[in-house]
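Here's protein.csv, which has CSV, C-alpha atoms and all ligand atoms:
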chain,number,residue,atom,x,y,z
A,6,MET,CA,-20.8,-7.1,-15.0
A,7,LEU,CA,-17.3,-5.6,-14.7
A,8,THR,CA,-14.1,-7.1,-13.1
A,9,VAL,CA,-11.4,-4.8,-11.7
A,10,ARG,CA,-8.0,-5.8,-10.5
A,11,ALA,CA,-6.4,-3.3,-8.0
A,12,PRO,CA,-2.9,-3.8,-6.7
A,13,ALA,CA,-1.5,-3.8,-3.2
A,14,SER,CA,0.6,-0.7,-2.4
A,15,SER,CA,3.3,0.4,0.0
A,16,ALA,CA,2.9,3.8,1.7
A,17,ASN,CA,5.6,6.1,3.1
A,18,LEU,CA,8.6,4.4,1.6
A,19,GLY,CA,10.5,5.6,4.7
A,20,SER,CA,11.0,9.3,4.0
A,21,GLY,CA,7.5,10.1,2.6
A,22,PHE,CA,5.3,9.6,5.7
A,23,ASP,CA,1.6,9.9,4.7
A,24,VAL,CA,2.7,11.2,1.2
A,25,PHE,CA,4.6,8.6,-0.8
A,26,GLY,CA,3.1,5.4,-2.2
A,27,ALA,CA,4.0,2.8,-4.7
A,28,ALA,CA,1.8,0.3,-6.5
A,29,LEU,CA,3.0,-3.3,-6.3
A,30,ALA,CA,2.8,-5.6,-9.3
A,31,ARG,CA,1.4,-8.2,-6.9
A,32,PRO,CA,-0.5,-9.1,-4.8
A,33,ALA,CA,-3.9,-7.6,-5.8
A,34,ASP,CA,-7.6,-7.6,-5.0
A,35,VAL,CA,-10.0,-8.7,-7.7
A,36,VAL,CA,-13.5,-7.1,-7.5
A,37,ARG,CA,-16.5,-8.0,-9.6
A,38,LEU,CA,-19.3,-5.4,-9.8
A,39,ARG,CA,-22.9,-5.5,-11.2
A,40,ARG,CA,-25.4,-2.6,-11.1
A,41,ALA,CA,-28.2,-3.2,-8.6
A,42,ASP,CA,-30.9,-1.3,-6.7
A,43,ARG,CA,-29.0,-1.5,-3.5
A,44,THR,CA,-25.4,-2.4,-2.5
A,45,GLU,CA,-24.6,-5.9,-1.4
A,46,ILE,CA,-21.0,-7.0,-0.6
A,47,LYS,CA,-19.5,-10.5,-0.5
A,48,VAL,CA,-15.9,-11.0,0.5
A,49,THR,CA,-13.7,-14.0,-0.1
A,50,GLY,CA,-9.9,-14.7,-0.1
A,51,ALA,CA,-7.0,-13.6,2.2
A,52,GLY,CA,-8.3,-12.5,5.7
A,53,SER,CA,-11.9,-12.2,4.4
A,54,GLN,CA,-13.2,-13.4,7.8
A,55,TYR,CA,-12.1,-10.1,9.3
A,56,ILE,CA,-13.8,-7.9,6.7
A,57,PRO,CA,-17.4,-6.8,7.4
A,58,GLU,CA,-19.9,-7.3,4.5
A,59,ASP,CA,-22.3,-4.7,5.7
A,60,PRO,CA,-22.0,-1.8,3.2
A,61,GLU,CA,-22.1,0.7,6.2
A,62,ASP,CA,-18.9,-0.8,7.6
A,63,ASN,CA,-17.1,-1.7,4.4
A,64,THR,CA,-14.7,0.6,2.6
A,65,VAL,CA,-16.3,-0.4,-0.8
A,66,GLY,CA,-19.8,0.4,0.5
A,67,ALA,CA,-18.7,3.9,1.3
A,68,VAL,CA,-17.3,4.3,-2.2
A,69,ALA,CA,-20.6,3.1,-3.7
A,70,GLU,CA,-22.4,5.6,-1.6
A,71,ALA,CA,-20.1,8.5,-2.5
A,72,LEU,CA,-20.6,7.8,-6.2
A,73,SER,CA,-24.3,7.1,-5.8
A,74,ALA,CA,-23.7,3.8,-7.6
A,75,PRO,CA,-25.4,0.9,-5.8
A,76,ALA,CA,-24.1,-2.5,-6.9
A,77,HIS,CA,-23.6,-6.1,-6.1
A,78,ILE,CA,-19.9,-6.3,-5.3
A,79,GLN,CA,-17.8,-9.4,-4.9
A,80,ILE,CA,-14.3,-8.8,-3.4
A,81,ASP,CA,-11.7,-11.5,-3.8
A,82,LYS,CA,-8.9,-10.5,-1.4
A,83,GLY,CA,-5.4,-11.1,-2.6
A,84,VAL,CA,-4.1,-8.5,0.0
A,85,ARG,CA,-4.4,-9.6,3.6
A,86,PRO,CA,-6.0,-6.9,5.8
A,87,ALA,CA,-3.7,-5.2,8.5
A,88,SER,CA,-0.6,-6.1,6.6
A,89,GLY,CA,0.8,-2.7,5.8
A,90,LEU,CA,0.2,-3.4,2.1
A,91,GLY,CA,-2.8,-1.2,1.5
A,92,SER,CA,-5.5,-3.9,1.7
A,93,SER,CA,-8.5,-1.8,2.3
A,94,ALA,CA,-7.2,0.8,-0.2
A,95,ALA,CA,-6.9,-1.9,-3.0
A,96,SER,CA,-10.6,-2.7,-2.5
A,97,ALA,CA,-11.6,0.9,-2.4
A,98,ALA,CA,-9.6,1.7,-5.5
A,99,ALA,CA,-11.1,-1.2,-7.4
A,100,ALA,CA,-14.6,-0.1,-6.4
A,101,ALA,CA,-14.0,3.5,-7.3
A,102,VAL,CA,-12.6,2.7,-10.8
A,103,GLY,CA,-15.2,0.0,-11.4
A,104,LEU,CA,-18.3,1.9,-10.3
A,105,ASN,CA,-17.2,5.0,-12.1
A,106,GLU,CA,-17.1,2.9,-15.3
A,107,LEU,CA,-20.3,1.0,-14.6
A,108,TYR,CA,-22.3,4.1,-14.0
A,109,GLY,CA,-20.5,6.3,-16.6
A,110,ARG,CA,-19.7,8.9,-13.9
A,111,GLY,CA,-16.9,10.3,-16.1
A,112,HIS,CA,-14.4,11.0,-13.2
A,113,THR,CA,-10.7,11.0,-14.1
A,114,ARG,CA,-8.4,8.6,-12.3
A,115,ALA,CA,-7.0,11.6,-10.3
A,116,GLU,CA,-10.6,12.6,-9.3
A,117,LEU,CA,-11.3,9.1,-8.0
A,118,VAL,CA,-8.4,9.3,-5.5
A,119,PRO,CA,-10.1,11.4,-2.8
A,120,ILE,CA,-13.4,9.5,-3.4
A,121,ALA,CA,-11.6,6.2,-2.7
A,122,ALA,CA,-9.7,7.8,0.3
A,123,GLU,CA,-13.0,8.7,1.9
A,124,GLY,CA,-14.1,5.1,1.5
A,125,GLU,CA,-10.9,3.9,3.1
A,126,ALA,CA,-11.5,6.3,6.0
A,127,VAL,CA,-14.5,4.1,7.0
A,128,VAL,CA,-12.1,1.4,8.2
A,129,SER,CA,-8.9,3.3,8.9
A,130,GLY,CA,-10.6,6.3,10.6
A,131,ASP,CA,-8.4,8.7,8.5
A,132,ALA,CA,-8.7,9.7,4.8
A,133,HIS,CA,-5.1,9.2,3.8
A,134,ALA,CA,-4.6,9.0,0.0
A,135,ASP,CA,-1.1,7.5,0.2
A,136,ASN,CA,-2.4,4.0,-0.5
A,137,VAL,CA,-5.4,4.6,-2.8
A,138,ALA,CA,-3.4,6.9,-5.0
A,139,PRO,CA,-0.9,4.2,-6.2
A,140,SER,CA,-3.7,1.5,-6.3
A,141,ILE,CA,-5.7,3.7,-8.7
A,142,LEU,CA,-2.9,5.4,-10.7
A,143,GLY,CA,0.0,2.9,-10.5
A,144,GLY,CA,3.7,3.7,-10.3
A,145,PHE,CA,5.1,5.9,-7.6
A,146,THR,CA,2.8,8.6,-6.2
A,147,VAL,CA,3.0,11.7,-4.2
A,148,ALA,CA,-0.3,12.4,-2.5
A,149,ARG,CA,-0.7,16.0,-1.0
A,150,GLU,CA,-3.7,18.0,0.2
A,151,ASP,CA,-3.6,19.8,-3.1
A,152,GLY,CA,-3.6,16.8,-5.4
A,153,VAL,CA,-1.6,13.8,-6.5
A,154,GLU,CA,1.4,13.4,-8.8
A,155,ARG,CA,2.7,10.2,-10.3
A,156,ILE,CA,5.9,8.9,-11.8
A,157,ASP,CA,6.3,5.7,-13.8
A,158,ALA,CA,8.8,3.3,-12.3
A,159,SER,CA,9.5,-0.4,-12.1
A,160,ILE,CA,11.9,-0.7,-9.2
A,161,PRO,CA,12.3,-4.4,-8.0
A,162,LEU,CA,11.0,-4.9,-4.5
A,163,VAL,CA,10.6,-7.5,-1.8
A,164,THR,CA,7.7,-7.3,0.7
A,165,CYS,CA,8.1,-9.5,3.8
A,166,LEU,CA,5.0,-10.0,5.9
A,167,PRO,CA,5.6,-11.4,9.4
A,168,ASP,CA,2.9,-13.3,11.2
A,169,ILE,CA,2.4,-10.6,13.9
A,170,VAL,CA,-0.3,-8.0,14.4
A,171,VAL,CA,0.4,-4.3,14.5
A,172,SER,CA,-2.6,-2.1,14.7
A,173,THR,CA,-2.5,1.1,12.6
A,174,SER,CA,-3.7,3.1,15.6
A,175,ASP,CA,-0.7,1.8,17.7
A,176,ALA,CA,1.6,2.6,14.8
A,177,ARG,CA,0.3,6.1,14.6
A,178,GLU,CA,0.4,6.5,18.4
A,179,VAL,CA,4.2,6.2,18.5
A,180,VAL,CA,4.8,8.7,15.7
A,181,PRO,CA,6.8,11.6,17.3
A,182,ASP,CA,5.0,15.0,17.7
A,183,GLY,CA,7.9,16.9,16.2
A,184,ALA,CA,11.3,16.7,14.6
A,185,THR,CA,14.5,18.7,14.9
A,186,MET,CA,15.8,20.9,12.1
A,187,ASP,CA,18.6,18.4,11.5
A,188,GLN,CA,16.1,15.6,11.1
A,189,LEU,CA,14.0,17.7,8.8
A,190,VAL,CA,17.0,18.4,6.6
A,191,ASP,CA,17.8,14.7,6.5
A,192,VAL,CA,14.2,13.6,5.6
A,193,VAL,CA,13.8,16.3,2.9
A,194,GLY,CA,17.1,15.1,1.4
A,195,SER,CA,16.0,11.5,1.5
A,196,ALA,CA,12.6,12.3,0.0
A,197,ALA,CA,14.1,14.4,-2.8
A,198,ALA,CA,16.7,11.6,-3.6
A,199,LEU,CA,13.9,9.0,-3.6
A,200,THR,CA,11.8,11.1,-6.0
A,201,VAL,CA,14.7,11.6,-8.4
A,202,GLY,CA,15.5,7.9,-8.1
A,203,MET,CA,12.0,7.0,-9.2
A,204,ALA,CA,12.2,9.3,-12.2
A,205,ARG,CA,15.4,7.6,-13.2
A,206,ASP,CA,14.2,4.1,-12.2
A,207,ASP,CA,17.4,3.8,-10.2
A,208,PRO,CA,17.2,1.2,-7.3
A,209,GLU,CA,20.3,2.6,-5.6
A,210,LEU,CA,19.0,6.2,-5.3
A,211,VAL,CA,15.5,5.0,-4.4
A,212,GLY,CA,17.0,2.8,-1.7
A,213,ASP,CA,19.1,5.7,-0.3
A,214,GLY,CA,16.0,7.8,-0.3
A,215,MET,CA,14.1,5.4,1.9
A,216,GLU,CA,16.3,6.4,4.9
A,217,ASP,CA,14.2,8.1,7.6
A,218,GLY,CA,15.3,8.9,11.1
A,219,VAL,CA,12.0,10.2,12.4
A,220,VAL,CA,8.9,7.9,12.0
A,221,THR,CA,10.5,4.6,11.1
A,222,PRO,CA,12.8,4.2,14.1
A,223,ALA,CA,9.8,5.0,16.4
A,224,ARG,CA,7.8,2.2,14.8
A,225,ALA,CA,10.5,-0.4,14.6
A,226,ASP,CA,10.0,-1.6,18.1
A,227,LEU,CA,6.5,-2.8,17.2
A,228,ILE,CA,7.9,-5.3,14.7
A,229,THR,CA,9.8,-8.1,16.4
A,230,GLY,CA,13.1,-8.8,14.6
A,231,TYR,CA,12.9,-5.6,12.4
A,232,ASP,CA,16.5,-4.5,13.0
A,233,ALA,CA,17.9,-8.0,12.2
A,234,VAL,CA,15.7,-8.3,9.1
A,235,ARG,CA,16.8,-4.9,7.8
A,236,GLU,CA,20.5,-5.8,8.3
A,237,ALA,CA,20.0,-9.2,6.6
A,238,ALA,CA,18.3,-7.6,3.6
A,239,PHE,CA,21.2,-5.1,3.2
A,240,ASP,CA,23.7,-7.9,3.5
A,241,ALA,CA,21.9,-9.7,0.7
A,242,GLY,CA,22.1,-6.7,-1.6
A,243,ALA,CA,19.0,-4.6,-0.7
A,244,THR,CA,19.5,-0.9,-1.6
A,245,GLY,CA,16.9,0.3,0.9
A,246,VAL,CA,14.8,-1.2,3.6
A,247,THR,CA,11.9,0.2,5.6
A,248,ILE,CA,8.5,-0.5,7.1
A,249,SER,CA,5.7,-0.8,4.6
A,250,GLY,CA,2.9,1.6,5.6
A,251,ALA,CA,2.1,1.2,9.2
A,252,GLY,CA,3.5,-2.4,9.2
A,253,PRO,CA,4.1,-5.1,10.0
A,254,ALA,CA,5.3,-5.8,6.5
A,255,VAL,CA,8.8,-4.8,5.7
A,256,ILE,CA,9.8,-3.6,2.2
A,257,ALA,CA,13.1,-3.7,0.5
A,258,ALA,CA,14.2,-2.1,-2.8
A,259,CYS,CA,16.9,-3.9,-4.7
A,260,ARG,CA,18.4,-4.8,-8.1
A,261,GLU,CA,16.6,-7.5,-10.0
A,262,ARG,CA,19.5,-9.9,-9.6
A,263,ASP,CA,19.5,-9.7,-5.8
A,264,ARG,CA,15.7,-10.0,-5.3
A,265,ARG,CA,15.6,-13.7,-4.6
A,266,GLY,CA,18.4,-13.6,-2.1
A,267,VAL,CA,17.0,-10.5,-0.4
A,268,ALA,CA,13.6,-12.3,0.0
A,269,ALA,CA,15.2,-15.5,1.5
A,270,ALA,CA,17.4,-13.4,3.8
A,271,MET,CA,14.4,-11.5,5.2
A,272,VAL,CA,12.4,-14.6,5.9
A,273,GLU,CA,15.4,-16.3,7.5
A,274,ALA,CA,16.0,-13.3,9.8
A,275,PHE,CA,12.4,-13.2,10.9
A,276,GLU,CA,12.5,-16.9,11.6
A,277,ALA,CA,15.7,-16.4,13.7
A,278,ALA,CA,13.7,-14.0,15.8
A,279,ASP,CA,11.0,-16.7,16.2
A,280,VAL,CA,8.5,-15.0,13.8
A,281,ASP,CA,7.0,-16.8,10.8
A,282,ALA,CA,7.1,-14.7,7.7
A,283,ARG,CA,6.4,-14.8,4.0
A,284,ALA,CA,8.3,-12.8,1.4
A,285,LEU,CA,6.9,-11.8,-2.0
A,286,GLN,CA,9.1,-10.8,-4.9
A,287,THR,CA,7.5,-8.0,-6.7
A,288,ARG,CA,8.2,-4.6,-8.3
A,289,ILE,CA,6.5,-1.2,-8.8
A,290,GLY,CA,3.6,-1.9,-11.1
A,291,GLU,CA,0.5,-0.5,-12.8
A,292,GLY,CA,-2.7,0.8,-11.2
A,293,ALA,CA,-6.2,-0.7,-11.2
A,294,THR,CA,-7.2,-2.4,-14.5
A,295,ILE,CA,-10.7,-3.1,-15.8
A,296,HIS,CA,-11.3,-6.4,-17.5
B,1,LIG,N1,0.7,6.5,6.0
B,1,LIG,C1,0.0,5.7,6.8
B,1,LIG,C2,0.8,5.3,8.1
B,1,LIG,C3,-0.3,4.4,6.1
B,1,LIG,O1,2.0,5.1,7.9
B,1,LIG,O2,0.2,5.3,9.1
B,1,LIG,C4,-1.3,3.5,6.8
B,1,LIG,O3,-2.6,4.0,6.7
Starting from the file, lay out its structure as structure tokens.
Amino acid sequence: MLTVRAPASSANLGSGFDVFGAALARPADVVRLRRADRTEIKVTGAGSQYIPEDPEDNTVGAVAEALSAPAHIQIDKGVRPASGLGSSAASAAAAAVGLNELYGRGHTRAELVPIAAEGEAVVSGDAHADNVAPSILGGFTVAREDGVERIDASIPLVTCLPDIVVSTSDAREVVPDGATMDQLVDVVGSAAALTVGMARDDPELVGDGMEDGVVTPARADLITGYDAVREAAFDAGATGVTISGAGPAVIAACRERDRRGVAAAMVEAFEAADVDARALQTRIGEGATIH
């Protein structure tokens, strides 16, 4: 019997659409695994009623299949599905790390990233690694076709999850087909600044680097109150604000001393737009851990 805790994550971080990701110190999924002749899955916790337990339809079942590692798997969801906080990726990451250990498969953490991404594709339709990479490796990650890079960072963050539904397919539908050369120059500049900011663990530079004039503005209309929440977070001291993953969660980077105020300001701004919301004060944290 093995227990694995795998963290929520935030993909894109504004300028790194489908590439950047960050592990969040909390919330997390906790997954218990035991070797078995065939895979059985039980799901409890946040939003578990929406998650299929049939291994054919569950992200974790696909990971067990890919590793030829059947198991009894009990998932306790700390990360609500469809939040923009890498819920299915957290479960897939935990399963990949746990089953690799349980069956002595000997894969490195980096090798487990594409395996978990395939698992995640069962529910999301697309094998993006920008959420599974941070859930497995921790820190800030850069997931490309050719592999994944990571940087240790501990930037303070606030995630604010409004009580609205945004489907990932709708959020991908509105992504523009192209960008102008000016927009490209701006996004490359932001992405580079963000990466340097992570290496320096500098919330100002990371916040600046979250600016994105291409994908984020196109998605903002799907999140009632987004512009007001963004403005309120900046007024309270946030250094950068953007949509977390495909939304609806909004994520802000800030200095430690401003984090509580930023969280309160974001919730208040959502409420002013008639949307209930919950903020979580967190930071960039470690990847999946085996207990
Ligand atoms: N990079 C993805 C997106 C994350 O923004 O659509 C959600 O799968």
Note to self: Taking (16.2, -4.5, -4.8) as a centre in this file's frame and 7 Å as the limit, can you find every polymer residue with an atom that close, using all atoms listed in the file, and give them as a count of residues only?
What the structure shows: 12
Distance table requested - range 89-144 of chain A against range 50-61 of chain A, cut-off 10 Å, only C-alpha atoms: one row per qualifying residue with the closest atom pair and its distance in Å to one decimal, ordered by chain and rising residue number, as JSON lines.
{"residue": "A:Ser92", "atom": "CA", "partner": "A:Ala51", "partner_atom": "CA", "distance": 9.8}
{"residue": "A:Ser93", "atom": "CA", "partner": "A:Ile56", "partner_atom": "CA", "distance": 9.2}
{"residue": "A:Val127", "atom": "CA", "partner": "A:Glu61", "partner_atom": "CA", "distance": 8.4}
{"residue": "A:Val128", "atom": "CA", "partner": "A:Ile56", "partner_atom": "CA", "distance": 9.6}
Next item on the list: Find the residues near range 215-229 of chain A: any atom within 7 Å, counting only C-alpha atoms, skip ones fewer than 6 places away on the same chain, and give them as a list of chain:residue names.
Entry: A:Leu18, A:Gly19, A:Ser20, A:Val171, A:Ala176, A:Val179, A:Val180, A:Pro181, A:Ala184, A:Gln188, A:Val192, A:Ser195, A:Leu199, A:Gly245, A:Val246, A:Thr247, A:Ile248, A:Pro253
With C-alpha atoms kept, could you save the residues just selected as a PDB file, in the coordinates of the input?
ATOM      1  CA  LEU A  18       8.600   4.400   1.600  1.00  0.00           C
ATOM      2  CA  GLY A  19      10.500   5.600   4.700  1.00  0.00           C
ATOM      3  CA  SER A  20      11.000   9.300   4.000  1.00  0.00           C
ATOM      4  CA  VAL A 171       0.400  -4.300  14.500  1.00  0.00           C
ATOM      5  CA  ALA A 176       1.600   2.600  14.800  1.00  0.00           C
ATOM      6  CA  VAL A 179       4.200   6.200  18.500  1.00  0.00           C
ATOM      7  CA  VAL A 180       4.800   8.700  15.700  1.00  0.00           C
ATOM      8  CA  PRO A 181       6.800  11.600  17.300  1.00  0.00           C
ATOM      9  CA  ALA A 184      11.300  16.700  14.600  1.00  0.00           C
ATOM     10  CA  GLN A 188      16.100  15.600  11.100  1.00  0.00           C
ATOM     11  CA  VAL A 192      14.200  13.600   5.600  1.00  0.00           C
ATOM     12  CA  SER A 195      16.000  11.500   1.500  1.00  0.00           C
ATOM     13  CA  LEU A 199      13.900   9.000  -3.600  1.00  0.00           C
ATOM     14  CA  GLY A 245      16.900   0.300   0.900  1.00  0.00           C
ATOM     15  CA  VAL A 246      14.800  -1.200   3.600  1.00  0.00           C
ATOM     16  CA  THR A 247      11.900   0.200   5.600  1.00  0.00           C
ATOM     17  CA  ILE A 248       8.500  -0.500   7.100  1.00  0.00           C
ATOM     18  CA  PRO A 253       4.100  -5.100  10.000  1.00  0.00           C
TER      19      PRO A 253
END
Would you mind listing, for every residue of chain A within 6 Å of ligand LIG 1 (chain B), the two atoms forming the shortest contact and the distance between them in Å to one decimal, using only C-alpha atoms and all ligand atoms, sorted by chain and ascending residue number, as CSV?
residue,atom,partner,partner_atom,distance
A:Ala16,CA,B:LIG1,C3,5.5
A:Asn17,CA,B:LIG1,N1,5.7
A:Phe22,CA,B:LIG1,N1,5.6
A:Asp23,CA,B:LIG1,N1,3.7
A:Arg177,CA,B:LIG1,O2,5.6
A:Gly250,CA,B:LIG1,C3,4.3
A:Ala251,CA,B:LIG1,O1,4.1
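Candidate residues A:Glu273, A:His296, A:Leu72, A:Ile289 were compared for distance to Arg235 in chain A, and the nearest is A:Glu273, using all atoms listed in the file.
For the pair CA of Leu285 in chain A and CA of Leu166 in chain A, the interatomic distance is 8.3 Å.
Minimum distance to Val48 in chain A across A:Pro86, A:Gly212, A:Gly103, A:Gly202 (counting only C-alpha atoms) occurs at A:Pro86.
For the choices A:Ile46, A:Ala67, A:Ala284, A:Ala278, the atom-to-atom distance to Pro32 in chain A is smallest for A:Ala284 when using only C-alpha atoms.
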Item checked: Point (0.8, -6.1, -7.8), cut-off 12 Å, counting only C-alpha atoms, residues as a PyMOL selection string -> chain A and resi 10-15+27-35+83-84+90-92+95+139-141+143-144+159+161-164+285-294
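If you look at CA of Ala41 in chain A and CA of Gln79 in chain A, they are 12.7 Å away from each other.
When all atoms listed in the file are used to compute distances to Phe145 in chain A, the closest of the residues A:Leu107, A:Met203, A:Ala237, A:Val65 turns out to be A:Met203.
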Could you add whatever atoms are missing so that range 257-266 of chain A carries all heavy atoms, then write the result as a JSON list (two decimals), in the coordinates of the input?
[["chain", "number", "residue", "atom", "x", "y", "z"],
["A", 257, "ALA", "N", 11.75, -3.96, 0.91],
["A", 257, "ALA", "CA", 13.10, -3.70, 0.50],
["A", 257, "ALA", "C", 13.14, -3.38, -1.01],
["A", 257, "ALA", "O", 12.43, -4.01, -1.80],
["A", 257, "ALA", "CB", 14.00, -4.92, 0.76],
["A", 258, "ALA", "N", 13.95, -2.39, -1.38],
["A", 258, "ALA", "CA", 14.20, -2.10, -2.80],
["A", 258, "ALA", "C", 15.55, -2.81, -3.12],
["A", 258, "ALA", "O", 16.42, -2.94, -2.24],
["A", 258, "ALA", "CB", 14.33, -0.62, -3.04],
["A", 259, "CYS", "N", 15.71, -3.24, -4.35],
["A", 259, "CYS", "CA", 16.90, -3.90, -4.70],
["A", 259, "CYS", "C", 17.10, -3.96, -6.23],
["A", 259, "CYS", "O", 16.22, -3.51, -6.96],
["A", 259, "CYS", "CB", 16.94, -5.36, -4.17],
["A", 259, "CYS", "SG", 15.55, -6.35, -4.72],
["A", 260, "ARG", "N", 18.23, -4.49, -6.67],
["A", 260, "ARG", "CA", 18.40, -4.80, -8.10],
["A", 260, "ARG", "C", 17.75, -6.13, -8.37],
["A", 260, "ARG", "O", 17.67, -6.99, -7.48],
["A", 260, "ARG", "CB", 19.87, -4.80, -8.46],
["A", 260, "ARG", "CG", 20.53, -3.46, -8.23],
["A", 260, "ARG", "CD", 21.81, -3.30, -8.99],
["A", 260, "ARG", "NE", 22.33, -1.96, -8.77],
["A", 260, "ARG", "CZ", 21.92, -0.88, -9.44],
["A", 260, "ARG", "NH1", 21.02, -0.99, -10.40],
["A", 260, "ARG", "NH2", 22.42, 0.30, -9.16],
["A", 261, "GLU", "N", 17.31, -6.28, -9.62],
["A", 261, "GLU", "CA", 16.60, -7.50, -10.00],
["A", 261, "GLU", "C", 17.42, -8.77, -9.61],
["A", 261, "GLU", "O", 16.86, -9.72, -9.06],
["A", 261, "GLU", "CB", 16.45, -7.47, -11.54],
["A", 261, "GLU", "CG", 15.69, -8.62, -12.14],
["A", 261, "GLU", "CD", 14.20, -8.31, -12.23],
["A", 261, "GLU", "OE1", 13.85, -7.22, -12.71],
["A", 261, "GLU", "OE2", 13.42, -9.16, -11.79],
["A", 262, "ARG", "N", 18.72, -8.74, -9.87],
["A", 262, "ARG", "CA", 19.50, -9.90, -9.60],
["A", 262, "ARG", "C", 19.63, -10.33, -8.16],
["A", 262, "ARG", "O", 19.93, -11.46, -7.83],
["A", 262, "ARG", "CB", 20.95, -9.73, -10.21],
["A", 262, "ARG", "CG", 21.70, -8.59, -9.56],
["A", 262, "ARG", "CD", 23.18, -8.52, -9.92],
["A", 262, "ARG", "NE", 23.83, -7.49, -9.14],
["A", 262, "ARG", "CZ", 24.07, -6.25, -9.57],
["A", 262, "ARG", "NH1", 23.73, -5.90, -10.79],
["A", 262, "ARG", "NH2", 24.67, -5.36, -8.79],
["A", 263, "ASP", "N", 19.38, -9.37, -7.25],
["A", 263, "ASP", "CA", 19.50, -9.70, -5.80],
["A", 263, "ASP", "C", 18.16, -10.01, -5.17],
["A", 263, "ASP", "O", 18.11, -10.33, -3.98],
["A", 263, "ASP", "CB", 20.07, -8.43, -5.08],
["A", 263, "ASP", "CG", 21.50, -8.13, -5.51],
["A", 263, "ASP", "OD1", 22.25, -9.10, -5.72],
["A", 263, "ASP", "OD2", 21.84, -6.94, -5.65],
["A", 264, "ARG", "N", 17.06, -9.90, -5.94],
["A", 264, "ARG", "CA", 15.70, -10.00, -5.30],
["A", 264, "ARG", "C", 15.47, -11.29, -4.61],
["A", 264, "ARG", "O", 14.97, -11.31, -3.48],
["A", 264, "ARG", "CB", 14.67, -9.69, -6.38],
["A", 264, "ARG", "CG", 13.33, -9.36, -5.79],
["A", 264, "ARG", "CD", 12.41, -8.79, -6.81],
["A", 264, "ARG", "NE", 12.33, -9.63, -8.01],
["A", 264, "ARG", "CZ", 11.52, -9.39, -9.04],
["A", 264, "ARG", "NH1", 10.74, -8.34, -9.00],
["A", 264, "ARG", "NH2", 11.50, -10.18, -10.07],
["A", 265, "ARG", "N", 15.81, -12.40, -5.26],
["A", 265, "ARG", "CA", 15.60, -13.70, -4.60],
["A", 265, "ARG", "C", 16.33, -13.86, -3.33],
["A", 265, "ARG", "O", 15.79, -14.31, -2.32],
["A", 265, "ARG", "CB", 15.96, -14.81, -5.63],
["A", 265, "ARG", "CG", 15.66, -16.21, -5.14],
["A", 265, "ARG", "CD", 16.27, -17.21, -6.12],
["A", 265, "ARG", "NE", 15.61, -17.16, -7.42],
["A", 265, "ARG", "CZ", 14.65, -18.01, -7.79],
["A", 265, "ARG", "NH1", 14.28, -18.95, -6.95],
["A", 265, "ARG", "NH2", 14.11, -17.94, -8.97],
["A", 266, "GLY", "N", 17.60, -13.44, -3.34],
["A", 266, "GLY", "CA", 18.40, -13.60, -2.10],
["A", 266, "GLY", "C", 17.94, -12.66, -1.02],
["A", 266, "GLY", "O", 17.97, -13.05, 0.16]]
